[in-house]
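Structure first, commentary second.
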Amino acid sequence: MFRATRDQTKWSNAYWFWNQRDVYNSFLASNHVDLLAGFNRLYSRNATALKAYTRTRYNVDGLWVPETMGWDGNARGTVNSDFTNNIWSTGTEAAYNMYLQYAYTNDSAYLRDTAYPFMRDVVKFYAAKLSYDSASGKCHVASSHAHETYWNVPNAITDLAAVRTLFPLAIRASQSLGLDADLRPQWQRIVDNLIAYPSTTDVYLPHTPPLAQTRNGENVAAEIIWPYDRTGIGFPDQQKAVNTFNARPFPYGNVWANDAVQAARLGLGDQAYQGMKTMLRKYQTYPNGMTDNTNGVFEYLGVHLAALNESLLQSYNDKIRVFPAVPGDSSFTGRFTLLAKGGFTVSSEREAGEVKYIGIKSLYGNATRVVNPWGTQQVRVRDVTGGTSVLTTSAAEFDLPTIAGRVYVVERTAKPLSSYTSVRLTGTANQGEKALSGTTSTLGMARTPNPMLNNSQLTYDSNWHATSGRGYGDYNDDTHHSTTVNAVAQYTFTGTGVAYISERNGDMGPVDVYLDGAFQATVDLKVSGARQVQQTVWQRSGLTQGTHTIRIVNRSTSVGMVDALRVTP
């Protein structure tokens, strides 16, 4: 892995959950759940070790996950750090990721054998660690870290959100699996009697006030938006969540700041877009997209991945919502295919502020709920595979039962998909430097016009000889030459043109040039008079952009030579 700091790490050698979560979470919507599965295995395969350590440290029959964990489940990097030694919520994040792996793949065996046992044990840890106030009848958290920023505080909002996220899912999973019926009533009582999030009238707070000393630059109160999925577009407290986001104390404060993801979840399209640009301006250092920031390696790229997905498609709350947080600029044009929770491949297009359709392919035959992108305009749902109309409604949201393998199109009755013209997009890959408008950020290296390729980069058979330090003025002061008939040199390049560069001299002879297997010309390298160097002896332009192969064949016992090639991009 490319790392600006090479093999030196700023902190421990453990895996930091916070620093990885944006990257891995993005693989759900991008339909690479197998990559999230690798991350999940880091935790699931260490479940036994984690449970044993939880019993040793907390005397609890449950599972606590260290925020920074060794490959073998050791917690040294957490318990030896004041910043992390009392963080509880990482266990829920790890368990929730496992549940999401099931929710996107419909893998009931994974839920039964791996995800649910892990979820159950994290829930048991919380059930044992929560405190109960008999006077108020409420469950609360006596003292834990609100992640790394507020230490040993009451009612950390991260822990309250962790309980509200994981406990209902564990209850639902235990019911569907027919397991642990005796535990469900206790879990439900905790959910029903959990203390409210700390807050003022207008904003959520990171923990019950007075606020503790700030130890790190995290926007803890905004965590309920993402990754805990407790609020967002259409939730009763959406405005309060927006206020909390707007009042966050550390906007884009570090290379791992997930502000843009949270903005997208709240429907703040312009802020999500500008947030990604801000992160680029602040943290991208290298043209390969990476950073030299010593607090991370690829974290802000993970923010981009997750924020882009969430701006185009949201399904975390079991609803399919397309283009929920795109920029307000009417010139925005978007087309996507992403994976929705429940196992639905979703495609849609938006242009000039207009969503044209929603295409839904059901992978497993689950039911889903669709948010009408046209408000309350009447829509029709067509089963494209079966050729039938299955639903007509003007509801702002509607339930859609599906059949596995079938493709459905959601379209306006007044302006169906058939009213649009379609164009097949063609083109060639843009291999040049990319620049983000309004910033100094670039991706890729600027192309050098007609870049030179030294003769050492070609492939030769055994009848060629390399010479260097010739002192004649050759490119890079070296050449390859042969006096063997039919000796071959060749090179495969990508571009639209190529020039063959050689010396010319009295002891040299003819060579044949082939391009993509077709004979092009016989070039005589012999010339009377003084030696000539860096001569373009053959060239071809106007090729189709793509991969081509030039082959040079010596035709006599006189000297055939290659000095360099010049490739036109």
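Identifiers for the structure tokens are assigned positionally: chains receive A, B, ... in sequence, residues are indexed from 1 per chain, and ligands are indexed from 1 in the order shown.
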Notebook entry, point to check: How would you write, as a ChimeraX atom specification, the set of residues in stretch 201-400 of chain A that DSSP gives as strand (DSSP E)?
Noted result: /A:313-314,319-322,333-340,344-351,354-362,368-371,379-383,388-393,397-400
Find the spatial neighbours of stretch 35-42 of chain A, counting only C-alpha atoms, within a cut-off of 8 Å - ignore same-chain residues fewer than 4 positions away - and output them as a PDB file with C-alpha atoms, in the first residue's frame.
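Dumped everything to out-v1.pdb:
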```pdb
ATOM      1  CA  TYR A  24     -15.279  -0.099   3.917  1.00  0.00           C
ATOM      2  CA  ASN A  25     -18.828   1.189   4.352  1.00  0.00           C
ATOM      3  CA  PHE A  27     -18.301  -0.957  -0.606  1.00  0.00           C
ATOM      4  CA  LEU A  28     -21.922  -1.774   0.228  1.00  0.00           C
ATOM      5  CA  ASN A  46     -11.272 -12.710  16.760  1.00  0.00           C
ATOM      6  CA  TRP A  71      -4.619  -8.470  13.986  1.00  0.00           C
ATOM      7  CA  ALA A  94     -18.335  -3.823  14.013  1.00  0.00           C
ATOM      8  CA  ASN A  97     -21.263  -3.845   9.650  1.00  0.00           C
ATOM      9  CA  MET A  98     -21.781  -7.595   9.915  1.00  0.00           C
ATOM     10  CA  GLN A 101     -23.268  -7.565   5.089  1.00  0.00           C
TER      11      GLN A 101
END
```
What's the 10 Å shell around stretch 382-385 of chain A, counting only C-alpha atoms, without same-chain residues fewer than 3 positions away, as a PDB file with all heavy atoms, in the first residue's frame?
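Output file result_27.pdb is given in full below:
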```
ATOM      1  N   GLY A 359     -34.689   2.509 -12.067  1.00  0.00           N
ATOM      2  CA  GLY A 359     -34.662   1.103 -12.463  1.00  0.00           C
ATOM      3  C   GLY A 359     -34.239   0.260 -11.270  1.00  0.00           C
ATOM      4  O   GLY A 359     -33.279   0.594 -10.576  1.00  0.00           O
ATOM      5  N   ILE A 360     -34.962  -0.800 -11.005  1.00  0.00           N
ATOM      6  CA  ILE A 360     -34.693  -1.647  -9.837  1.00  0.00           C
ATOM      7  C   ILE A 360     -34.633  -3.103 -10.279  1.00  0.00           C
ATOM      8  O   ILE A 360     -35.623  -3.642 -10.789  1.00  0.00           O
ATOM      9  CB  ILE A 360     -35.781  -1.476  -8.760  1.00  0.00           C
ATOM     10  CG1 ILE A 360     -35.872  -0.024  -8.302  1.00  0.00           C
ATOM     11  CG2 ILE A 360     -35.520  -2.408  -7.567  1.00  0.00           C
ATOM     12  CD1 ILE A 360     -37.052   0.258  -7.378  1.00  0.00           C
ATOM     13  N   LYS A 361     -33.489  -3.731 -10.067  1.00  0.00           N
ATOM     14  CA  LYS A 361     -33.383  -5.173 -10.293  1.00  0.00           C
ATOM     15  C   LYS A 361     -33.364  -5.857  -8.938  1.00  0.00           C
ATOM     16  O   LYS A 361     -32.510  -5.579  -8.095  1.00  0.00           O
ATOM     17  CB  LYS A 361     -32.119  -5.526 -11.063  1.00  0.00           C
ATOM     18  CG  LYS A 361     -32.002  -7.028 -11.333  1.00  0.00           C
ATOM     19  CD  LYS A 361     -30.799  -7.377 -12.187  1.00  0.00           C
ATOM     20  CE  LYS A 361     -30.747  -8.875 -12.456  1.00  0.00           C
ATOM     21  NZ  LYS A 361     -29.599  -9.252 -13.313  1.00  0.00           N
ATOM     22  N   VAL A 379     -47.108   7.814 -10.341  1.00  0.00           N
ATOM     23  CA  VAL A 379     -46.071   6.980 -10.938  1.00  0.00           C
ATOM     24  C   VAL A 379     -46.653   5.615 -11.263  1.00  0.00           C
ATOM     25  O   VAL A 379     -47.652   5.177 -10.669  1.00  0.00           O
ATOM     26  CB  VAL A 379     -44.853   6.814 -10.003  1.00  0.00           C
ATOM     27  CG1 VAL A 379     -44.213   8.152  -9.705  1.00  0.00           C
ATOM     28  CG2 VAL A 379     -45.228   6.092  -8.718  1.00  0.00           C
ATOM     29  N   THR A 388     -45.477  -6.481 -17.487  1.00  0.00           N
ATOM     30  CA  THR A 388     -46.763  -6.072 -16.922  1.00  0.00           C
ATOM     31  C   THR A 388     -46.597  -4.820 -16.068  1.00  0.00           C
ATOM     32  O   THR A 388     -45.508  -4.504 -15.591  1.00  0.00           O
ATOM     33  CB  THR A 388     -47.360  -7.184 -16.046  1.00  0.00           C
ATOM     34  OG1 THR A 388     -46.437  -7.478 -14.979  1.00  0.00           O
ATOM     35  CG2 THR A 388     -47.598  -8.443 -16.864  1.00  0.00           C
ATOM     36  N   SER A 389     -47.688  -4.111 -15.875  1.00  0.00           N
ATOM     37  CA  SER A 389     -47.731  -2.981 -14.951  1.00  0.00           C
ATOM     38  C   SER A 389     -48.191  -3.517 -13.600  1.00  0.00           C
ATOM     39  O   SER A 389     -49.247  -4.150 -13.497  1.00  0.00           O
ATOM     40  CB  SER A 389     -48.694  -1.906 -15.459  1.00  0.00           C
ATOM     41  OG  SER A 389     -48.772  -0.834 -14.545  1.00  0.00           O
ATOM     42  N   VAL A 390     -47.404  -3.265 -12.552  1.00  0.00           N
ATOM     43  CA  VAL A 390     -47.710  -3.880 -11.262  1.00  0.00           C
ATOM     44  C   VAL A 390     -48.259  -2.897 -10.242  1.00  0.00           C
ATOM     45  O   VAL A 390     -48.816  -3.311  -9.227  1.00  0.00           O
ATOM     46  CB  VAL A 390     -46.457  -4.567 -10.678  1.00  0.00           C
ATOM     47  CG1 VAL A 390     -45.992  -5.683 -11.596  1.00  0.00           C
ATOM     48  CG2 VAL A 390     -45.329  -3.566 -10.454  1.00  0.00           C
ATOM     49  N   LEU A 391     -48.121  -1.595 -10.498  1.00  0.00           N
ATOM     50  CA  LEU A 391     -48.552  -0.630  -9.487  1.00  0.00           C
ATOM     51  C   LEU A 391     -48.685   0.742 -10.105  1.00  0.00           C
ATOM     52  O   LEU A 391     -47.870   1.159 -10.928  1.00  0.00           O
ATOM     53  CB  LEU A 391     -47.517  -0.576  -8.349  1.00  0.00           C
ATOM     54  CG  LEU A 391     -47.763   0.421  -7.209  1.00  0.00           C
ATOM     55  CD1 LEU A 391     -49.000   0.013  -6.412  1.00  0.00           C
ATOM     56  CD2 LEU A 391     -46.539   0.512  -6.304  1.00  0.00           C
ATOM     57  N   THR A 392     -49.729   1.455  -9.717  1.00  0.00           N
ATOM     58  CA  THR A 392     -49.895   2.869 -10.043  1.00  0.00           C
ATOM     59  C   THR A 392     -50.279   3.582  -8.756  1.00  0.00           C
ATOM     60  O   THR A 392     -51.193   3.151  -8.046  1.00  0.00           O
ATOM     61  CB  THR A 392     -50.989   3.094 -11.100  1.00  0.00           C
ATOM     62  OG1 THR A 392     -50.636   2.395 -12.301  1.00  0.00           O
ATOM     63  CG2 THR A 392     -51.155   4.571 -11.412  1.00  0.00           C
ATOM     64  N   THR A 402     -41.362  -7.733  -4.807  1.00  0.00           N
ATOM     65  CA  THR A 402     -40.602  -8.054  -6.012  1.00  0.00           C
ATOM     66  C   THR A 402     -40.423  -9.559  -6.158  1.00  0.00           C
ATOM     67  O   THR A 402     -40.626 -10.319  -5.214  1.00  0.00           O
ATOM     68  CB  THR A 402     -39.206  -7.402  -5.991  1.00  0.00           C
ATOM     69  OG1 THR A 402     -38.395  -8.032  -4.988  1.00  0.00           O
ATOM     70  CG2 THR A 402     -39.294  -5.912  -5.728  1.00  0.00           C
ATOM     71  N   ILE A 403     -39.999  -9.956  -7.330  1.00  0.00           N
ATOM     72  CA  ILE A 403     -39.655 -11.343  -7.643  1.00  0.00           C
ATOM     73  C   ILE A 403     -38.182 -11.376  -7.997  1.00  0.00           C
ATOM     74  O   ILE A 403     -37.688 -10.533  -8.758  1.00  0.00           O
ATOM     75  CB  ILE A 403     -40.508 -11.870  -8.815  1.00  0.00           C
ATOM     76  CG1 ILE A 403     -41.998 -11.855  -8.442  1.00  0.00           C
ATOM     77  CG2 ILE A 403     -40.063 -13.274  -9.218  1.00  0.00           C
ATOM     78  CD1 ILE A 403     -42.922 -12.196  -9.605  1.00  0.00           C
ATOM     79  N   GLY A 405     -34.740 -11.684  -9.583  1.00  0.00           N
ATOM     80  CA  GLY A 405     -34.309 -11.674 -10.970  1.00  0.00           C
ATOM     81  C   GLY A 405     -35.086 -10.752 -11.871  1.00  0.00           C
ATOM     82  O   GLY A 405     -34.675 -10.501 -13.013  1.00  0.00           O
ATOM     83  N   ARG A 406     -36.219 -10.209 -11.381  1.00  0.00           N
ATOM     84  CA  ARG A 406     -37.035  -9.328 -12.205  1.00  0.00           C
ATOM     85  C   ARG A 406     -36.497  -7.892 -12.162  1.00  0.00           C
ATOM     86  O   ARG A 406     -35.928  -7.451 -11.169  1.00  0.00           O
ATOM     87  CB  ARG A 406     -38.487  -9.327 -11.730  1.00  0.00           C
ATOM     88  CG  ARG A 406     -39.198 -10.669 -11.884  1.00  0.00           C
ATOM     89  CD  ARG A 406     -39.574 -10.933 -13.344  1.00  0.00           C
ATOM     90  NE  ARG A 406     -40.283 -12.188 -13.512  1.00  0.00           N
ATOM     91  CZ  ARG A 406     -41.610 -12.309 -13.506  1.00  0.00           C
ATOM     92  NH1 ARG A 406     -42.379 -11.251 -13.313  1.00  0.00           N
ATOM     93  NH2 ARG A 406     -42.164 -13.495 -13.676  1.00  0.00           N
ATOM     94  N   VAL A 407     -36.713  -7.153 -13.256  1.00  0.00           N
ATOM     95  CA  VAL A 407     -36.330  -5.750 -13.366  1.00  0.00           C
ATOM     96  C   VAL A 407     -37.598  -4.906 -13.417  1.00  0.00           C
ATOM     97  O   VAL A 407     -38.527  -5.198 -14.185  1.00  0.00           O
ATOM     98  CB  VAL A 407     -35.480  -5.499 -14.627  1.00  0.00           C
ATOM     99  CG1 VAL A 407     -35.184  -4.005 -14.781  1.00  0.00           C
ATOM    100  CG2 VAL A 407     -34.184  -6.293 -14.555  1.00  0.00           C
ATOM    101  N   TYR A 408     -37.618  -3.865 -12.592  1.00  0.00           N
ATOM    102  CA  TYR A 408     -38.776  -2.981 -12.495  1.00  0.00           C
ATOM    103  C   TYR A 408     -38.355  -1.556 -12.841  1.00  0.00           C
ATOM    104  O   TYR A 408     -37.252  -1.123 -12.502  1.00  0.00           O
ATOM    105  CB  TYR A 408     -39.368  -3.013 -11.088  1.00  0.00           C
ATOM    106  CG  TYR A 408     -39.771  -4.396 -10.630  1.00  0.00           C
ATOM    107  CD1 TYR A 408     -38.832  -5.256 -10.069  1.00  0.00           C
ATOM    108  CD2 TYR A 408     -41.076  -4.852 -10.792  1.00  0.00           C
ATOM    109  CE1 TYR A 408     -39.184  -6.531  -9.659  1.00  0.00           C
ATOM    110  CE2 TYR A 408     -41.440  -6.128 -10.388  1.00  0.00           C
ATOM    111  CZ  TYR A 408     -40.485  -6.965  -9.824  1.00  0.00           C
ATOM    112  OH  TYR A 408     -40.844  -8.228  -9.421  1.00  0.00           O
ATOM    113  N   VAL A 409     -39.257  -0.836 -13.519  1.00  0.00           N
ATOM    114  CA  VAL A 409     -39.022   0.574 -13.829  1.00  0.00           C
ATOM    115  C   VAL A 409     -40.100   1.407 -13.163  1.00  0.00           C
ATOM    116  O   VAL A 409     -41.298   1.128 -13.322  1.00  0.00           O
ATOM    117  CB  VAL A 409     -39.016   0.827 -15.350  1.00  0.00           C
ATOM    118  CG1 VAL A 409     -39.044   2.321 -15.647  1.00  0.00           C
ATOM    119  CG2 VAL A 409     -37.786   0.211 -15.980  1.00  0.00           C
ATOM    120  N   VAL A 410     -39.663   2.406 -12.393  1.00  0.00           N
ATOM    121  CA  VAL A 410     -40.580   3.377 -11.797  1.00  0.00           C
ATOM    122  C   VAL A 410     -40.527   4.625 -12.671  1.00  0.00           C
ATOM    123  O   VAL A 410     -39.454   5.203 -12.875  1.00  0.00           O
ATOM    124  CB  VAL A 410     -40.160   3.714 -10.356  1.00  0.00           C
ATOM    125  CG1 VAL A 410     -41.158   4.685  -9.734  1.00  0.00           C
ATOM    126  CG2 VAL A 410     -40.040   2.448  -9.510  1.00  0.00           C
ATOM    127  N   GLU A 411     -41.673   5.039 -13.193  1.00  0.00           N
ATOM    128  CA  GLU A 411     -41.721   6.174 -14.111  1.00  0.00           C
ATOM    129  C   GLU A 411     -42.971   6.997 -13.860  1.00  0.00           C
ATOM    130  O   GLU A 411     -43.955   6.499 -13.320  1.00  0.00           O
ATOM    131  CB  GLU A 411     -41.723   5.675 -15.562  1.00  0.00           C
ATOM    132  CG  GLU A 411     -42.883   4.744 -15.866  1.00  0.00           C
ATOM    133  CD  GLU A 411     -42.768   4.040 -17.212  1.00  0.00           C
ATOM    134  OE1 GLU A 411     -41.825   4.325 -17.961  1.00  0.00           O
ATOM    135  OE2 GLU A 411     -43.632   3.196 -17.509  1.00  0.00           O
TER     136      GLU A 411
END
```
Margin query: Could you list, as a list in words, every residue within 10 Å of A:Ser441, counting only C-alpha atoms and ignoring same-chain residues fewer than 4 positions away?
Written below: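 Answer for this query is Lys277, Leu280, Arg281, Lys282, Tyr283, Gln284, Thr285, Tyr286, Pro287, Gly289, Lys434, Ala435, Leu436 and Ser437 of chain A.
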Notebook entry, point to check: Mind pulling up the distance from atom CA of A:Thr479 to atom CA of A:Gly560?
Noted result: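 Taking atom CA of A:Gly560 as the start and atom CA of A:Thr479 as the end point, the length is 10.4 Å.
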Check: Between atom CA of A:Val553 and atom CA of A:Ala466, what is the distance, to one decimal in Å?
Finding: 16.1 Å
